[in-house]
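Visitor: Pasting work29.txt below, which is compact mmCIF, C-alpha atoms.
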```txt
# COMPACT_ATOMS: atom_id res chain seq x y z
CA GLY I 1 51.10 19.16 183.92
CA GLU I 2 51.52 18.31 180.26
CA LEU I 3 48.83 18.36 177.59
CA ILE I 4 47.73 15.07 176.05
CA THR I 5 47.57 14.83 172.25
CA TYR I 6 47.94 12.13 169.58
CA ASP I 7 50.82 11.42 167.24
CA THR I 8 50.52 10.58 163.53
CA SER I 9 49.92 6.90 164.42
CA GLY I 10 46.98 7.81 166.62
CA ASP I 11 48.83 6.94 169.80
CA PRO I 12 48.53 9.24 172.79
CA THR I 13 51.49 11.48 173.57
CA THR I 14 52.13 14.62 175.56
CA VAL I 15 53.08 18.20 174.77
CA PRO I 16 55.88 19.32 177.09
CA THR I 17 55.02 22.39 179.13
CA GLY I 18 56.61 25.56 177.84
CA SER I 19 58.10 28.53 179.60
CA SER I 20 56.13 31.36 181.18
CA GLY I 21 54.52 33.57 178.53
CA GLU I 22 54.74 31.02 175.69
CA VAL I 23 51.62 29.99 173.77
CA LEU I 24 50.53 26.66 172.31
CA THR I 25 51.37 26.76 168.59
CA SER I 26 50.40 24.48 165.72
CA ASN I 27 53.32 23.12 163.71
CA GLY I 28 51.13 21.92 160.85
CA ALA I 29 49.36 18.67 160.02
CA GLY I 30 51.11 15.53 161.24
CA THR I 31 53.32 17.39 163.71
CA THR I 32 52.80 17.64 167.44
CA PRO I 33 52.05 21.20 168.62
CA THR I 34 54.56 22.89 170.90
CA PHE I 35 54.72 25.84 173.24
CA GLN I 36 56.51 28.77 171.63
CA ALA I 37 57.06 32.47 172.16
CA ALA I 38 54.07 34.50 171.00
CA ALA I 39 54.55 35.90 167.53
CA GLY I 40 54.78 39.66 167.26
CA GLY I 41 51.80 41.41 165.73
CA GLY I 42 51.02 44.92 164.62
CA GLY I 43 48.46 47.04 166.36
CA ALA I 44 49.27 46.38 170.01
CA VAL I 45 48.70 49.36 172.28
CA LEU I 46 51.96 49.99 174.09
CA LYS I 47 51.14 53.09 176.11
CA VAL I 48 48.28 55.54 176.68
CA VAL I 49 48.77 59.08 178.02
CA ASN I 50 45.96 61.55 178.68
CA ALA I 51 45.73 65.25 179.50
CA THR I 52 42.55 66.82 180.86
CA TYR I 53 42.12 70.56 181.26
CA THR I 54 39.52 71.56 183.86
CA GLY I 55 40.32 75.26 183.93
CA SER I 56 39.46 77.93 181.39
CA THR I 57 41.44 80.30 179.21
CA SER I 58 41.10 82.59 176.21
CA ILE I 59 43.32 83.37 173.23
CA ASN I 60 43.11 85.76 170.29
CA THR I 61 45.55 84.97 167.49
CA GLY I 62 45.84 84.77 163.73
CA SER I 63 48.93 82.53 163.91
CA TRP I 64 49.22 78.91 164.99
CA THR I 65 49.46 79.02 168.79
CA ALA I 66 49.28 76.48 171.61
CA VAL I 67 45.83 76.58 173.19
CA ASN I 68 46.95 75.73 176.74
CA SER I 69 49.89 73.76 178.14
CA ASN I 70 47.52 71.78 180.38
CA LEU I 71 46.36 70.00 177.21
CA ASP I 72 49.91 68.95 176.26
CA VAL I 73 50.46 65.19 176.18
CA VAL I 74 54.07 64.21 176.92
CA ILE I 75 54.93 60.65 175.90
CA THR I 76 58.20 58.69 175.77
CA PRO I 77 57.60 55.82 173.33
CA THR I 78 58.42 52.30 174.45
CA ALA I 79 59.58 51.46 170.91
CA SER I 80 61.44 53.41 168.22
CA ASP I 81 59.08 52.50 165.35
CA SER I 82 55.69 53.24 166.90
CA SER I 83 52.76 55.10 165.43
CA PHE I 84 50.31 57.17 167.45
CA TYR I 85 46.54 57.51 167.57
CA ILE I 86 45.53 60.91 168.89
CA GLU I 87 42.02 61.84 169.97
CA GLY I 88 40.62 64.79 171.83
CA THR I 89 37.53 66.88 172.48
CA ILE I 90 37.99 70.60 172.97
CA TRP I 91 35.11 72.72 174.25
CA VAL I 92 35.13 76.26 172.91
CA GLY I 93 33.13 79.45 172.87
CA LEU I 94 33.62 82.54 170.70
CA GLY I 95 33.83 86.14 171.76
CA ASN I 96 31.61 87.48 168.99
CA HIS I 97 29.41 86.45 166.08
CA ASP I 98 30.64 85.82 162.54
CA THR I 99 34.13 84.61 163.45
CA GLY I 100 35.99 81.32 163.48
CA TYR I 101 39.06 79.29 164.46
CA VAL I 102 40.85 76.24 163.05
CA PHE I 103 42.75 73.53 164.95
CA ASN I 104 45.51 70.96 164.58
CA ILE I 105 48.01 69.01 166.72
CA SER I 106 51.75 69.70 166.83
CA ASP I 107 54.65 67.35 167.63
CA SER I 108 57.56 68.90 169.56
CA GLN I 109 60.05 66.99 167.40
CA VAL I 110 58.59 68.62 164.27
CA GLY I 111 57.77 72.11 165.51
CA SER I 112 55.54 73.74 168.10
CA THR I 113 53.42 75.54 165.48
CA THR I 114 53.43 72.91 162.70
CA GLY I 115 50.34 70.71 162.42
CA ILE I 116 50.96 66.98 162.03
CA PHE I 117 47.62 66.44 160.25
CA SER I 118 46.94 67.82 156.77
CA ASN I 119 45.22 71.19 156.90
CA LYS I 120 42.63 72.34 154.42
CA ALA I 121 44.48 74.89 152.30
CA ASP I 122 43.88 78.60 152.83
CA ASN I 123 41.65 80.14 150.18
CA GLY I 124 42.05 83.87 149.78
CA SER I 125 41.24 85.40 153.16
CA ALA I 126 39.75 82.12 154.43
CA VAL I 127 42.00 80.13 156.80
CA GLY I 128 42.30 76.34 156.57
CA GLY I 129 42.82 73.81 159.33
CA TYR I 130 42.28 70.18 160.28
CA ALA I 131 39.26 70.93 162.49
CA ALA I 132 37.26 74.13 162.79
CA ILE I 133 34.51 76.11 164.47
CA HIS I 134 32.57 79.06 163.11
CA SER I 135 29.89 81.09 164.84
CA SER I 136 26.54 81.97 163.38
CA PRO I 137 26.53 85.20 161.33
CA SER I 138 25.13 88.33 162.97
CA GLU I 139 23.47 86.47 165.83
CA GLY I 140 25.16 87.86 168.91
CA ASN I 141 22.70 86.54 171.48
CA TYR I 142 23.19 82.98 170.26
CA ASP I 143 26.97 83.27 170.27
CA ASP I 144 26.99 84.66 173.80
CA TYR I 145 25.91 81.22 174.97
CA LEU I 146 27.75 79.10 172.40
CA LEU I 147 29.86 76.29 173.88
CA GLU I 148 30.68 73.68 171.27
CA PRO I 149 32.74 70.46 171.32
CA ILE I 150 35.46 70.27 168.68
CA PRO I 151 36.50 66.64 168.09
CA ILE I 152 39.98 66.09 166.71
CA SER I 153 41.52 62.69 165.98
CA GLY I 154 43.85 60.88 163.62
CA PHE I 155 46.66 58.38 163.14
CA TYR I 156 50.22 59.68 162.98
CA THR I 157 53.47 57.97 162.03
CA PRO I 158 56.41 60.36 162.48
CA ALA I 159 58.62 60.82 159.44
CA SER I 160 61.60 60.66 161.77
CA ASN I 161 60.71 57.86 164.17
CA ASN I 162 62.64 57.28 167.40
CA GLY I 163 62.18 56.47 171.07
CA SER I 164 62.74 60.01 172.34
CA VAL I 165 60.16 61.98 174.26
CA ARG I 166 57.48 63.84 172.26
CA THR I 167 55.02 66.49 173.33
CA PHE I 168 51.73 66.64 171.44
CA THR I 169 50.05 70.05 171.66
CA LEU I 170 46.68 71.37 170.54
CA ILE I 171 47.23 74.44 168.37
CA ALA I 172 44.75 76.96 166.95
CA ARG I 173 44.58 80.07 164.79
CA GLY I 174 41.77 82.47 164.01
CA VAL I 175 40.42 84.14 160.91
CA SER I 176 41.82 87.42 159.59
CA SER I 177 42.13 90.25 162.10
CA SER I 178 39.24 92.25 160.65
CA ALA I 179 36.81 89.45 161.59
CA ARG I 180 38.64 87.69 164.41
CA SER I 181 37.41 87.59 167.98
CA THR I 182 38.49 85.76 171.12
CA LEU I 183 38.50 81.98 171.44
CA HIS I 184 37.36 80.77 174.86
CA ILE I 185 38.33 77.30 176.11
CA ASN I 186 35.89 75.45 178.41
CA ILE I 187 33.69 78.54 178.79
CA GLN I 188 31.13 80.38 176.70
CA GLY I 189 31.70 83.65 174.91
CA PRO I 190 30.82 87.06 176.38
CA VAL I 191 28.32 85.66 178.88
CA ASN I 192 29.33 85.76 182.54
CA PRO I 193 30.63 82.21 183.32
CA SER I 194 28.79 82.30 186.67
CA ALA I 195 25.46 83.41 185.18
CA ASP I 196 22.41 81.22 185.75
CA ARG I 197 22.32 80.16 182.09
CA ALA I 198 26.04 79.53 181.73
CA VAL I 199 27.68 76.13 181.36
CA LEU I 200 31.31 75.04 181.78
CA ALA I 201 33.17 72.01 180.41
CA CYS I 202 36.49 70.11 180.47
CA SER I 203 38.68 69.44 177.44
CA ASN I 204 40.93 66.43 176.95
CA LEU I 205 43.58 65.00 174.67
CA THR I 206 44.69 61.34 174.64
CA VAL I 207 47.60 59.71 172.81
CA TRP I 208 47.84 55.94 172.20
CA GLU I 209 51.22 54.51 171.22
CA ILE I 210 50.63 51.75 168.66
CA ALA I 211 53.26 49.07 168.02
CA ASN I 212 55.14 48.32 164.81
CA GLY I 213 54.33 51.43 162.81
CA ILE I 214 51.34 49.81 161.10
CA PHE I 215 49.80 53.06 159.82
```
Would you encode the structure as structure tokens?
Guide:
Amino acid sequence: GELITYDTSGDPTTVPTGSSGEVLTSNGAGTTPTFQAAAGGGGAVLKVVNATYTGSTSINTGSWTAVNSNLDVVITPTASDSSFYIEGTIWVGLGNHDTGYVFNISDSQVGSTTGIFSNKADNGSAVGGYAAIHSSPSEGNYDDYLLEPIPISGFYTPASNNGSVRTFTLIARGVSSSARSTLHINIQGPVNPSADRAVLACSNLTVWEIANGIF
């Protein structure tokens, strides 16, 4: 049925029903409202894609390297001008004390080893990244059981925006070779992963496609 309203003379009148998906819209003072197509607005979530890695792996590298392909998020945008919100939690252990790793996210359309978020600049022998972990110095027993969550998140609007498929990948690199040890994903460091004091975890990465390139 139709909605009842009042015209400028105070007499009752009706608002004709609109089409499916239209919303009731004010046309200003003294004008009868009408059903119209909903206005477009920035910030709508168009698509969400998640990757969860339940296994475990280890890497040892001083160059930006993909952590594991099971954490890749492959997304084909529904619009050509979208932005992306990326959020993940990566559980890591280290193979020895007094070492560290830094992290970022890559976009396949930019480069598999190029971080999309601004890294802290290198400083001498120190390596810079967007997120990082460092073990405690000279405390091997502690680091044997270290399993820490590394949160990584940020908004990203591609410089070259389009509707083609993108793969977002977690990448990492370690400190200089003289101090670098192994990075363990979802497991602790040297401790036996089946030992009675060991713990295991799952890492994840989620990408939200956000409409209208508002960031």
Visitor: Any idea what the distance is between CA of Ser9 (chain I) and CA of Ser26 (chain I)?
Guide: 17.6 Å
Visitor: Please produce, as CSV, a per-residue contact table for region 40-95 of chain I versus region 123-130 of chain I (criterion: any atom at most 12 Å away, only C-alpha atoms considered), showing the nearest atom pair and its distance in Å to one decimal, sorted by chain then residue number.
Guide:
```
residue,atom,partner,partner_atom,distance
I:Gly62,CA,I:Val127,CA,9.2
I:Ser63,CA,I:Val127,CA,10.2
I:Trp64,CA,I:Gly129,CA,10.0
```
Visitor: For those residues, write C-alpha atoms to a file as a PDB file, keeping the file's coordinate frame.
Guide:
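Result file result24.pdb:
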```pdb
ATOM      1  CA  GLY I  62      45.840  84.770 163.730  1.00  0.00           C
ATOM      2  CA  SER I  63      48.930  82.530 163.910  1.00  0.00           C
ATOM      3  CA  TRP I  64      49.220  78.910 164.990  1.00  0.00           C
TER       4      TRP I  64
END
```
Visitor: Report, in Å with one decimal, the straight-line distance from CA of Asp98 (chain I) to CA of Gly174 (chain I).
Guide: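 Between these atoms lies a distance of 11.7 Å.
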Visitor: Determine the nearest neighbour of Thr8 (chain I) from the options I:Thr32, I:Asn27, I:Thr167, I:Asn68, counting only C-alpha atoms.
Guide: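 Nearest to Thr8 (chain I): I:Thr32.
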Visitor: Work out how far apart CA of Thr54 (chain I) and CA of Tyr156 (chain I) are and give it in Å to one decimal.
Guide: 26.3 Å
Visitor: Find the residues near Val48 (chain I): any atom within 8 Å, counting all atoms listed in the file, skip ones fewer than 5 places away on the same chain, and give them as a list in words.
Guide: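 Neighbouring residues, sequence-local ones excluded: Thr206, Val207, Trp208 and Glu209 of chain I.
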Visitor: Could you turn the residues from that selection into a file that holds C-alpha atoms, as a compact mmCIF listing (two decimals), keeping the file's coordinate frame?
Guide:
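Heads up, here's the output in part14.txt:
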```
# COMPACT_ATOMS: atom_id res chain seq x y z
CA THR I 206 44.69 61.34 174.64
CA VAL I 207 47.60 59.71 172.81
CA TRP I 208 47.84 55.94 172.20
CA GLU I 209 51.22 54.51 171.22
```
Visitor: Can you work out which one of I:Leu71, I:Ala121, I:Ile187, I:Ala29 has the shortest atom-to-atom distance to Leu200 (chain I), counting all atoms listed in the file?
Guide: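 Of the candidates, the smallest distance to Leu200 (chain I) is held by I:Ile187.
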Visitor: With distances taken over all atoms listed in the file, which residue among I:Ser19, I:Thr99, I:Ser56, I:Ser82 lies nearest Arg173 (chain I)?
Guide: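 Smallest distance to Arg173 (chain I) is found for I:Thr99.
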Visitor: Could you give me the centre and size, in Å to one decimal, of an axis-aligned box around all listed atoms of region 42-57 of chain I with 3 Å added on every side, as AutoDock Vina command-line options?
Guide:
```
--center_x 45.7 --center_y 62.6 --center_z 174.3 --size_x 18.5 --size_y 41.4 --size_z 25.3
```
Visitor: Excluding Thr13 (chain I) and its own-chain neighbours fewer than 6 positions away, which residues fall within 9 Å of it when counting only C-alpha atoms? Please give them as a PyMOL selection string.
Guide: chain I and resi 3-7+32
Visitor: So, counting all atoms listed in the file, which residue among I:Ala79, I:Val49, I:Ile90, I:Ala44 is closest to Ser203 (chain I)?
Guide: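 Of the candidates, the smallest distance to Ser203 (chain I) is held by I:Ile90.
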Visitor: Using all atoms listed in the file for the distances, tell me which of I:Ser178, I:Asn96, I:Gln188, I:Thr169 is nearest to Thr113 (chain I).
Guide: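 Of all the options, I:Thr169 lies closest to Thr113 (chain I).
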Visitor: Any idea what's packed within 10 Å of Phe84 (chain I), counting only C-alpha atoms, ignoring anything in its chain fewer than 5 positions away? Could you give it as a ChimeraX atom specification?
Guide: /I:45-48,77,154-158,207-211,213-215
Visitor: Could the residues in this selection be saved with C-alpha atoms as an mmCIF file, in the frame of the given file?
Guide:
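File written: result_11.cif
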```cif
data_model
loop_
_atom_site.group_PDB
_atom_site.id
_atom_site.type_symbol
_atom_site.label_atom_id
_atom_site.label_comp_id
_atom_site.auth_asym_id
_atom_site.auth_seq_id
_atom_site.Cartn_x
_atom_site.Cartn_y
_atom_site.Cartn_z
ATOM 1 C CA VAL I 45 48.700 49.360 172.280
ATOM 2 C CA LEU I 46 51.960 49.990 174.090
ATOM 3 C CA LYS I 47 51.140 53.090 176.110
ATOM 4 C CA VAL I 48 48.280 55.540 176.680
ATOM 5 C CA PRO I 77 57.600 55.820 173.330
ATOM 6 C CA GLY I 154 43.850 60.880 163.620
ATOM 7 C CA PHE I 155 46.660 58.380 163.140
ATOM 8 C CA TYR I 156 50.220 59.680 162.980
ATOM 9 C CA THR I 157 53.470 57.970 162.030
ATOM 10 C CA PRO I 158 56.410 60.360 162.480
ATOM 11 C CA VAL I 207 47.600 59.710 172.810
ATOM 12 C CA TRP I 208 47.840 55.940 172.200
ATOM 13 C CA GLU I 209 51.220 54.510 171.220
ATOM 14 C CA ILE I 210 50.630 51.750 168.660
ATOM 15 C CA ALA I 211 53.260 49.070 168.020
ATOM 16 C CA GLY I 213 54.330 51.430 162.810
ATOM 17 C CA ILE I 214 51.340 49.810 161.100
ATOM 18 C CA PHE I 215 49.800 53.060 159.820
#
```
Visitor: Given the choices I:Ser176, I:Thr34, I:Asn70, I:Ser160, which gets closest to Asn50 (chain I) if the distance is worked out from all atoms listed in the file?
Guide: I:Asn70
Visitor: Need to verify the contact set: Gly115 (chain I), 6 Å, all atoms listed in the file, exclusion of same-chain residues closer than 3 positions in sequence. Can you return it as JSON, numbers by chain?
Guide: {"I": [104, 105, 106]}
Visitor: Could you save the residues just selected, with C-alpha atoms, as a PDB file, in the frame of the given file?
Guide:
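Output contents, as saved in out.pdb:
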```pdb
ATOM      1  CA  ASN I 104      45.510  70.960 164.580  1.00  0.00           C
ATOM      2  CA  ILE I 105      48.010  69.010 166.720  1.00  0.00           C
ATOM      3  CA  SER I 106      51.750  69.700 166.830  1.00  0.00           C
TER       4      SER I 106
END
```
Visitor: Which polymer residues have any atom within 9 Å of an atom of Cys202 (chain I), counting only C-alpha atoms, with same-chain residues fewer than 5 positions away left out, as a short mmCIF file (atom, residue, chain, number, x, y, z; two decimals) with C-alpha atoms, in the coordinates of the input?
Guide:
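What ended up in out19.cif:
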```cif
data_model
loop_
_atom_site.label_atom_id
_atom_site.label_comp_id
_atom_site.auth_asym_id
_atom_site.auth_seq_id
_atom_site.Cartn_x
_atom_site.Cartn_y
_atom_site.Cartn_z
CA THR I 52 42.55 66.82 180.86
CA TYR I 53 42.12 70.56 181.26
CA THR I 54 39.52 71.56 183.86
CA GLY I 55 40.32 75.26 183.93
CA SER I 56 39.46 77.93 181.39
CA THR I 89 37.53 66.88 172.48
CA ILE I 90 37.99 70.60 172.97
CA TRP I 91 35.11 72.72 174.25
CA ILE I 185 38.33 77.30 176.11
CA ASN I 186 35.89 75.45 178.41
#
```
